[in-house]
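Q: So here's run05.tsv (TSV, C-alpha atoms and all ligand atoms).
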chain	number	residue	atom	x	y	z
F	15	MET	CA	-26.25	89.43	181.68
F	16	ILE	CA	-29.72	90.72	180.94
F	17	ASN	CA	-30.12	93.48	178.45
F	18	LEU	CA	-33.50	94.97	179.10
F	19	ASN	CA	-32.95	97.39	176.26
F	20	ASN	CA	-33.64	94.51	173.90
F	21	VAL	CA	-37.17	94.25	175.14
F	22	PRO	CA	-39.83	96.16	173.24
F	23	ALA	CA	-41.42	98.94	175.26
F	24	ARG	CA	-44.52	97.49	176.87
F	25	ARG	CA	-47.70	99.33	177.22
F	26	ARG	CA	-48.10	101.16	180.49
F	27	SER	CA	-51.68	101.24	181.45
F	28	TRP	CA	-53.87	101.91	184.41
F	29	ALA	CA	-55.64	98.65	183.91
F	30	ALA	CA	-53.24	96.02	185.12
F	31	ALA	CA	-56.16	95.77	187.46
F	32	ALA	CA	-57.08	92.97	189.73
F	33	CYS	CA	-54.28	90.67	188.73
F	34	GLY	CA	-51.76	93.47	188.47
F	35	ALA	CA	-52.63	94.79	191.90
F	36	ALA	CA	-50.97	91.81	193.46
F	37	ILE	CA	-47.90	92.35	191.34
F	38	VAL	CA	-47.57	96.07	191.79
F	39	GLY	CA	-48.47	96.11	195.43
F	40	ALA	CA	-45.53	94.02	196.57
F	41	THR	CA	-41.82	94.52	196.55
F	42	VAL	CA	-38.99	92.05	196.32
F	43	PRO	CA	-36.66	92.19	199.29
F	44	ALA	CA	-33.07	92.55	198.16
F	45	PRO	CA	-30.88	90.79	200.70
F	46	ALA	CA	-27.13	90.94	200.49
F	47	GLN	CA	-26.08	87.92	198.52
F	48	THR	CA	-23.49	85.45	199.63
F	49	GLY	CA	-21.30	83.92	196.97
F	50	GLY	CA	-23.26	80.66	197.06
F	51	THR	CA	-26.59	82.39	196.74
F	52	ALA	CA	-25.35	84.53	193.89
F	53	ASN	CA	-24.15	81.41	192.09
F	54	THR	CA	-27.52	79.73	192.59
F	55	VAL	CA	-29.35	82.78	191.29
F	56	ALA	CA	-27.04	82.96	188.29
F	57	SER	CA	-27.49	79.29	187.46
F	58	HIS	CA	-31.29	79.59	187.46
F	59	VAL	CA	-31.12	82.74	185.36
F	60	ALA	CA	-28.79	80.99	182.93
F	61	ALA	CA	-31.19	78.04	182.72
F	62	ALA	CA	-34.05	80.43	182.04
F	63	LYS	CA	-32.06	82.22	179.37
F	64	ALA	CA	-31.23	78.93	177.66
F	65	ALA	CA	-34.91	77.94	177.71
F	66	ALA	CA	-36.01	81.33	176.44
F	67	ASP	CA	-33.80	81.24	173.37
F	68	ASP	CA	-35.36	83.64	170.84
F	69	THR	CA	-38.92	82.57	171.49
F	70	TRP	CA	-39.61	83.79	175.04
F	71	LEU	CA	-37.32	86.81	175.29
F	72	ILE	CA	-39.96	89.15	176.73
F	73	LEU	CA	-40.98	86.57	179.31
F	74	TYR	CA	-37.36	85.94	180.28
F	75	SER	CA	-36.38	89.58	180.53
F	76	GLU	CA	-39.42	90.55	182.55
F	77	LEU	CA	-39.38	87.65	184.99
F	78	CYS	CA	-35.64	87.18	185.40
F	79	GLY	CA	-35.14	90.96	185.32
F	80	GLY	CA	-37.49	91.06	188.30
F	81	ALA	CA	-35.65	88.18	189.92
F	82	MET	CA	-32.34	90.00	189.59
F	83	GLY	CA	-33.82	93.16	191.06
F	84	PHE	CA	-33.89	95.10	187.80
F	85	GLY	CA	-37.63	95.45	187.94
F	86	GLY	CA	-39.77	94.66	184.97
F	87	ARG	CA	-42.75	95.91	183.13
F	88	ALA	CA	-45.10	94.98	185.93
F	89	SER	CA	-43.00	96.68	188.57
F	90	SER	CA	-43.09	99.90	186.55
F	91	LEU	CA	-46.85	99.98	186.20
F	92	PRO	CA	-48.77	102.76	187.91
F	93	PRO	CA	-50.78	101.80	190.98
F	94	ALA	CA	-53.60	99.47	190.13
F	95	ARG	CA	-57.15	100.69	190.36
F	96	GLY	CA	-58.60	97.60	191.89
F	97	GLY	CA	-57.85	95.18	194.65
F	98	PRO	CA	-57.35	91.46	194.22
F	99	GLY	CA	-60.97	90.80	195.00
F	100	GLY	CA	-61.83	92.34	191.68
F	101	GLY	CA	-62.86	95.84	192.67
F	102	ARG	CA	-61.88	98.91	190.73
F	103	GLN	CA	-62.47	102.61	190.79
F	104	SER	CA	-65.98	103.48	189.80
F	105	GLY	CA	-66.63	104.45	186.21
F	106	PRO	CA	-65.15	102.85	183.12
F	107	PRO	CA	-61.85	104.08	181.72
F	108	PRO	CA	-61.83	105.83	178.34
F	109	ARG	CA	-62.83	103.38	175.62
F	110	ASP	CA	-59.76	104.01	173.48
F	111	GLU	CA	-57.57	102.78	176.34
F	112	TRP	CA	-59.00	99.27	176.26
F	113	TYR	CA	-61.07	98.50	173.20
F	114	ARG	CA	-59.75	96.20	170.45
F	115	ASP	CA	-61.65	94.36	167.71
F	116	PRO	CA	-61.90	90.57	168.06
F	117	VAL	CA	-59.69	88.35	165.91
F	118	LYS	CA	-60.18	84.82	164.57
F	119	VAL	CA	-56.97	83.05	165.65
F	120	PHE	CA	-57.84	79.45	164.73
F	121	ASP	CA	-60.69	77.90	162.74
F	122	ASN	CA	-62.57	77.43	166.03
F	123	LEU	CA	-61.00	80.05	168.33
F	124	TYR	CA	-61.41	83.82	168.65
F	125	VAL	CA	-59.69	86.33	170.89
F	126	PHE	CA	-61.30	89.41	172.42
F	127	PRO	CA	-58.25	91.43	173.38
F	128	THR	CA	-57.78	94.56	175.42
F	129	ALA	CA	-54.56	96.30	176.38
F	130	ASP	CA	-54.28	94.25	179.58
F	131	VAL	CA	-56.58	91.27	179.62
F	132	ASN	CA	-58.30	89.12	177.03
F	133	ALA	CA	-61.09	86.59	176.69
F	134	TRP	CA	-61.31	83.71	174.21
F	135	ALA	CA	-64.27	82.08	172.47
F	136	ILE	CA	-64.24	78.47	171.31
F	137	GLN	CA	-66.87	77.85	168.66
F	138	THR	CA	-68.37	74.37	168.66
F	139	SER	CA	-71.24	72.78	166.73
F	140	ASP	CA	-73.47	73.22	169.80
F	141	GLY	CA	-72.52	76.73	170.85
F	142	ILE	CA	-69.73	78.79	172.30
F	143	ILE	CA	-67.45	78.20	175.27
F	144	MET	CA	-65.99	81.46	176.57
F	145	ILE	CA	-62.73	81.47	178.47
F	146	ASP	CA	-62.97	84.43	180.85
F	147	ALA	CA	-65.27	87.38	180.43
F	148	THR	CA	-63.04	90.43	181.03
F	149	TYR	CA	-64.34	93.35	183.11
F	150	ASP	CA	-67.95	94.16	183.87
F	151	TYR	CA	-67.67	97.40	181.90
F	152	SER	CA	-66.08	95.78	178.83
F	153	VAL	CA	-68.11	92.60	178.36
F	154	LYS	CA	-70.95	94.12	176.34
F	155	GLU	CA	-68.98	96.17	173.86
F	156	LEU	CA	-65.81	94.07	173.69
F	157	ILE	CA	-67.47	90.65	173.51
F	158	VAL	CA	-71.25	90.69	173.01
F	159	ASP	CA	-71.57	93.59	170.56
F	160	ALA	CA	-68.35	92.65	168.73
F	161	MET	CA	-69.13	88.97	168.17
F	162	PRO	CA	-71.00	89.52	164.88
F	163	LYS	CA	-67.82	91.15	163.48
F	164	VAL	CA	-66.25	87.69	163.44
F	165	GLY	CA	-69.43	85.79	162.63
F	166	LEU	CA	-70.32	84.73	166.18
F	167	ASP	CA	-73.68	85.02	167.92
F	168	PRO	CA	-73.58	85.87	171.64
F	169	ARG	CA	-76.87	84.03	172.13
F	170	GLN	CA	-74.87	80.86	171.49
F	171	ILE	CA	-72.65	81.34	174.56
F	172	LYS	CA	-73.25	78.22	176.64
F	173	TYR	CA	-70.33	78.24	179.07
F	174	VAL	CA	-68.04	80.83	180.59
F	175	VAL	CA	-65.00	79.15	182.08
F	176	VAL	CA	-63.34	81.65	184.42
F	177	THR	CA	-59.66	80.88	184.93
F	178	HIS	CA	-59.52	82.55	188.34
F	179	GLY	CA	-61.61	84.67	190.65
F	180	HIS	CA	-60.31	88.14	189.94
F	181	GLY	CA	-62.55	90.85	188.54
F	182	ASP	CA	-60.62	91.37	185.31
F	183	HIS	CA	-61.57	87.79	184.37
F	184	PHE	CA	-64.99	87.22	185.95
F	185	GLY	CA	-66.33	90.80	185.79
F	186	GLY	CA	-68.37	90.16	182.64
F	187	ALA	CA	-69.59	86.69	183.62
F	188	ALA	CA	-72.71	87.85	185.45
F	189	TYR	CA	-73.86	89.68	182.30
F	190	LEU	CA	-73.42	86.57	180.14
F	191	GLN	CA	-75.17	84.41	182.74
F	192	GLU	CA	-78.06	86.81	183.08
F	193	HIS	CA	-78.62	87.61	179.38
F	194	TYR	CA	-77.85	84.28	177.71
F	195	GLY	CA	-78.23	81.71	180.46
F	196	ALA	CA	-74.57	80.79	180.09
F	197	HIS	CA	-73.22	78.40	182.69
F	198	VAL	CA	-70.32	79.87	184.65
F	199	VAL	CA	-67.54	77.48	185.68
F	200	LEU	CA	-64.81	78.08	188.28
F	201	SER	CA	-62.88	75.97	190.73
F	202	GLN	CA	-64.49	75.68	194.16
F	203	ALA	CA	-61.68	77.67	195.77
F	204	ASP	CA	-62.15	80.58	193.40
F	205	TRP	CA	-65.94	80.52	193.68
F	206	ASP	CA	-65.22	81.08	197.36
F	207	LEU	CA	-62.74	83.86	196.58
F	208	MET	CA	-65.09	85.54	194.11
F	209	LEU	CA	-68.19	85.37	196.30
F	210	ASN	CA	-66.31	86.35	199.47
F	211	PRO	CA	-63.48	88.62	198.31
F	212	PRO	CA	-61.00	89.96	200.83
F	213	PRO	CA	-61.77	93.52	201.91
F	214	ALA	CA	-60.30	96.28	199.78
F	215	ALA	CA	-57.24	97.99	201.21
F	216	PRO	CA	-57.91	101.28	202.99
F	217	LYS	CA	-57.18	104.58	201.32
F	218	GLY	CA	-53.47	104.99	200.80
F	219	GLY	CA	-52.92	101.27	201.19
F	220	LYS	CA	-50.87	99.24	198.80
F	221	GLN	CA	-53.83	98.29	196.65
F	222	GLY	CA	-54.13	101.83	195.32
F	223	LYS	CA	-55.12	105.24	196.51
F	224	ALA	CA	-58.84	105.00	196.10
F	225	PRO	CA	-61.22	102.46	197.57
F	226	ALA	CA	-62.18	99.86	194.98
F	227	ALA	CA	-65.70	99.60	193.65
F	228	PRO	CA	-67.05	96.07	194.04
F	229	VAL	CA	-67.72	93.96	190.97
F	230	THR	CA	-70.92	91.90	190.93
F	231	PRO	CA	-70.06	88.21	190.68
F	232	PRO	CA	-72.16	85.67	188.77
F	233	LYS	CA	-74.54	83.46	190.72
F	234	LYS	CA	-72.99	80.26	192.03
F	235	ASP	CA	-73.06	77.68	189.25
F	236	LEU	CA	-70.72	74.90	188.09
F	237	VAL	CA	-67.55	73.76	189.84
F	238	ALA	CA	-64.56	72.73	187.73
F	239	MET	CA	-62.61	69.67	188.76
F	240	GLU	CA	-59.08	68.68	187.88
F	241	GLY	CA	-59.01	66.62	184.69
F	242	GLN	CA	-62.80	66.60	184.19
F	243	PRO	CA	-63.48	68.36	180.90
F	244	ILE	CA	-66.24	70.81	180.16
F	245	THR	CA	-67.70	69.40	176.93
F	246	LEU	CA	-69.84	71.01	174.23
F	247	GLY	CA	-70.34	70.02	170.61
F	248	GLY	CA	-67.45	67.59	170.66
F	249	GLU	CA	-65.01	70.12	172.11
F	250	LYS	CA	-63.41	69.42	175.48
F	251	VAL	CA	-61.86	72.02	177.74
F	252	THR	CA	-59.87	70.27	180.45
F	253	PRO	CA	-59.08	72.13	183.70
F	254	VAL	CA	-55.78	71.72	185.50
F	255	MET	CA	-55.50	73.19	188.98
F	256	ILE	CA	-52.57	75.59	189.30
F	257	PRO	CA	-52.95	77.38	192.66
F	258	GLY	CA	-50.56	80.18	193.48
F	259	HIS	CA	-51.87	83.40	191.98
F	260	THR	CA	-55.19	82.55	193.61
F	261	PRO	CA	-56.14	79.41	195.59
F	262	GLY	CA	-58.16	78.04	192.69
F	263	SER	CA	-56.43	79.28	189.55
F	264	MET	CA	-56.85	76.94	186.59
F	265	GLY	CA	-54.93	76.15	183.47
F	266	LEU	CA	-56.97	74.93	180.50
F	267	ILE	CA	-56.15	72.49	177.71
F	268	PHE	CA	-58.24	72.15	174.56
F	269	GLU	CA	-58.06	71.39	170.86
F	270	VAL	CA	-57.78	74.07	168.20
F	271	ILE	CA	-57.95	73.68	164.43
F	272	ASP	CA	-55.65	75.59	162.11
F	273	ARG	CA	-56.76	75.46	158.50
F	274	GLY	CA	-58.14	72.00	159.13
F	275	LYS	CA	-55.15	70.71	161.12
F	276	LYS	CA	-55.58	69.80	164.78
F	277	HIS	CA	-53.37	71.25	167.50
F	278	THR	CA	-53.54	71.21	171.29
F	279	ALA	CA	-53.61	74.53	173.11
F	280	ALA	CA	-52.88	75.37	176.72
F	281	LEU	CA	-53.69	78.51	178.65
F	282	PHE	CA	-51.89	79.04	181.96
F	283	GLY	CA	-54.78	80.85	183.62
F	284	GLY	CA	-53.10	81.95	186.83
F	285	THR	CA	-51.42	85.19	185.89
F	286	ILE	CA	-47.68	84.89	185.32
F	287	LEU	CA	-46.10	86.45	188.37
F	288	LEU	CA	-43.04	88.30	189.42
F	289	ALA	CA	-41.62	86.95	192.65
F	290	GLY	CA	-42.65	89.95	194.72
F	291	ALA	CA	-46.30	89.22	194.12
F	292	ILE	CA	-46.65	86.39	196.60
F	293	SER	CA	-45.32	85.06	199.88
F	294	ASP	CA	-42.52	82.50	200.15
F	295	ALA	CA	-45.09	79.78	200.78
F	296	GLY	CA	-47.08	81.00	197.81
F	297	LEU	CA	-43.98	80.91	195.65
F	298	GLN	CA	-43.44	77.24	196.45
F	299	GLN	CA	-47.06	76.47	195.62
F	300	TYR	CA	-46.78	78.43	192.39
F	301	LEU	CA	-43.60	76.55	191.42
F	302	HIS	CA	-45.32	73.27	192.15
F	303	SER	CA	-48.22	74.35	189.94
F	304	ILE	CA	-45.89	75.17	187.05
F	305	ASP	CA	-44.31	71.71	187.42
F	306	HIS	CA	-47.75	70.13	187.47
F	307	PHE	CA	-48.90	72.04	184.41
F	308	LYS	CA	-45.65	71.10	182.67
F	309	GLU	CA	-46.31	67.43	183.26
F	310	ILE	CA	-49.93	67.56	182.10
F	311	THR	CA	-49.23	69.68	179.01
F	312	LYS	CA	-46.38	67.40	178.04
F	313	GLN	CA	-48.66	64.36	178.24
F	314	ALA	CA	-51.28	66.22	176.23
F	315	LYS	CA	-48.70	67.16	173.57
F	316	VAL	CA	-49.55	70.86	173.82
F	317	ASP	CA	-48.08	72.87	170.96
F	318	VAL	CA	-50.09	76.13	171.14
F	319	GLU	CA	-49.47	78.78	173.82
F	320	LEU	CA	-52.29	81.12	174.83
F	321	GLN	CA	-52.67	83.67	177.64
F	322	ASN	CA	-55.45	85.64	179.28
F	323	HIS	CA	-53.11	88.61	179.76
F	324	PRO	CA	-51.08	89.92	176.82
F	325	LEU	CA	-48.18	90.74	179.11
F	326	TYR	CA	-45.41	88.34	178.32
F	327	ASP	CA	-46.12	86.29	175.21
F	328	GLY	CA	-46.27	89.01	172.58
F	329	LEU	CA	-49.98	88.80	171.75
F	330	GLU	CA	-50.06	91.96	169.65
F	331	GLU	CA	-46.99	90.94	167.68
F	332	ARG	CA	-48.53	87.53	167.03
F	333	LEU	CA	-51.82	89.06	165.93
F	334	ALA	CA	-49.91	91.31	163.52
F	335	LYS	CA	-48.13	88.25	162.10
F	336	LEU	CA	-51.42	86.43	161.80
F	337	ARG	CA	-52.93	89.34	159.90
F	338	ASP	CA	-50.07	89.25	157.37
F	339	ARG	CA	-49.90	85.46	157.22
F	340	LYS	CA	-49.12	84.08	153.77
F	341	PRO	CA	-50.62	80.84	152.48
F	342	GLY	CA	-48.57	77.95	153.79
F	343	ALA	CA	-46.96	80.04	156.54
F	344	PRO	CA	-47.29	78.75	160.13
F	345	ASN	CA	-49.84	80.11	162.59
F	346	PRO	CA	-47.79	82.27	165.00
F	347	PHE	CA	-49.69	80.82	167.97
F	348	VAL	CA	-48.39	77.33	167.17
F	349	VAL	CA	-45.07	77.34	169.03
F	350	GLY	CA	-44.40	73.59	168.98
F	351	LYS	CA	-44.34	71.04	171.79
F	352	SER	CA	-40.76	71.74	172.87
F	353	ASN	CA	-41.23	75.50	172.96
F	354	TYR	CA	-44.37	75.16	175.04
F	355	GLN	CA	-42.40	73.30	177.67
F	356	LYS	CA	-39.70	75.96	177.50
F	357	PHE	CA	-42.33	78.63	178.11
F	358	LEU	CA	-43.02	76.99	181.46
F	359	ASP	CA	-39.30	76.42	182.10
F	360	VAL	CA	-38.58	80.14	181.78
F	361	GLN	CA	-41.29	80.92	184.32
F	362	ALA	CA	-40.05	78.29	186.74
F	363	GLU	CA	-36.34	79.09	186.48
F	364	CYS	CA	-36.82	82.85	186.88
F	365	MET	CA	-39.01	82.17	189.91
F	366	ARG	CA	-36.40	79.82	191.36
F	367	ALA	CA	-33.81	82.54	190.84
F	368	ALA	CA	-36.04	84.94	192.74
F	369	VAL	CA	-36.48	82.46	195.58
F	370	ALA	CA	-32.71	81.91	195.79
F	371	ARG	CA	-32.16	85.65	195.84
F	372	ARG	CA	-34.43	85.99	198.85
F	373	VAL	CA	-32.25	83.70	200.96
F	374	PRO	CA	-29.84	85.87	202.96
B	1	ZN	ZN	-55.60	87.62	188.81
Could you spell out this file's structure in structure tokens?
Ligand SMILES: [Zn+2]
A:
Amino acid sequence: MINLNNVPARRRSWAAAACGAAIVGATVPAPAQTGGTANTVASHVAAAKAAADDTWLILYSELCGGAMGFGGRASSLPPARGGPGGGRQSGPPPRDEWYRDPVKVFDNLYVFPTADVNAWAIQTSDGIIMIDATYDYSVKELIVDAMPKVGLDPRQIKYVVVTHGHGDHFGGAAYLQEHYGAHVVLSQADWDLMLNPPPAAPKGGKQGKAPAAPVTPPKKDLVAMEGQPITLGGEKVTPVMIPGHTPGSMGLIFEVIDRGKKHTAALFGGTILLAGAISDAGLQQYLHSIDHFKEITKQAKVDVELQNHPLYDGLEERLAKLRDRKPGAPNPFVVGKSNYQKFLDVQAECMRAAVARRVP
């Protein structure tokens, strides 16, 4: 039913990090399936496969592969180096394991990618809005020092919108706040998570073998509210609350310009999860959040899909296509309104399959 051999080999890296810790640290129970349960699982997997079509094959194979107990990329990652509170082993990893040059993706949008997590910069007439800040060790070289390569000035960073309170997203925010006076924006729930992270697991615990080094959070600043946009220079970034991965994870919706033409982008900022990453109650909340995001992005006519992890949407392949883009060819990040909805459908159906599989 699922041929995982069709999926390109994904990068295995130490740095699945804060978000990955939750994925790697858990396992999916594999109860014996009754006929009814098996049928339910199969129907959700079939629905996911139909939604995936050719566009979301990696997403489908990883998530539904996990749901069917085949494991996926995330389940094959080595133990994460940091706990969900954002800690990591002390000392940065080798530069060549994480560093990538920034890329201009739209007229007003730039990506700062690493192997496992990425930040975005929206350029406006009044300054820059950052979406996430990556790790504390990567923010200076990956973002600040690299900005001039794509014509940006880090002194123009006015806001850092952090999608959720894990260290691979907020780690660099304190630096940007301290050096450039940037305002840092999170949901209230994830300010609480970030400023009061749960204790790291003891040695040998499921968060990894070594105790995690704490990451310094930014000072308490602005609180994002559902539907109330962060505005700068005519650009609006609208938060949508999508709890599940963390209590205050946010999706973001904003306008991008491709060679003068307007599009609407959405970034599902709570990491896409395999079912084993969260409790049954968490799964239901996560499913509800996907439904909510689906409704809002449909209303907003979202036609551009973006992520803050390059795990499941083929970021590197898209960047390669963008590099070789011919005049008149489409921007590979513009997936179309229908395909954006299907992106969320694949997530939801694979998760529903996983939930059904957990019922003995
Ligand atoms: Zn996370």
Q: For a quick check of understanding, using only C-alpha atoms and all ligand atoms, which of F:Glu240, F:Glu330, F:Asp204, F:Asp150 has the smallest distance to ligand ZN 1 (chain B)?
A: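 For ligand ZN 1 (chain B), the nearest of the candidates is F:Asp204.
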Q: So, counting all atoms listed in the file, which residue among F:Ser152, F:Ser293, F:Ser75, F:Gln170 is closest to Pro106 of chain F?
A: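 When distances to Pro106 of chain F are compared using all atoms listed in the file, the smallest one comes from F:Ser152.
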Q: Quick one: distance from atom CA of Glu309 of chain F to atom CA of Gly350 of chain F in Å, one decimal?
A: 15.7 Å
Q: I'd like the neighbourhood of Pro243 of chain F as a ChimeraX atom specification, where a residue qualifies if any of its atoms comes within 10 Å (using only C-alpha atoms), though same-chain residues fewer than 2 positions away should be ignored.
A: /F:238-241,245-246,249-254,266-268
Q: Could you tell me how far atom CA of Asn353 of chain F sits from atom CA of Pro324 of chain F, in Å to one decimal place?
A: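 Atom CA of Asn353 of chain F lies at a distance of 17.9 Å from atom CA of Pro324 of chain F.
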Q: Measuring between all atoms listed in the file, which one of F:Thr177, F:Thr311, F:Thr138, F:Gln242 shows the shortest distance to Pro257 of chain F?
A: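 Selected residue with least distance to Pro257 of chain F: F:Thr177.
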Q: Which of these, F:Thr128, F:Gln137, F:Thr285, F:Gln202, has the shortest distance to His180 of chain F once you count all atoms listed in the file?
A: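 Smallest distance to His180 of chain F is found for F:Thr285.
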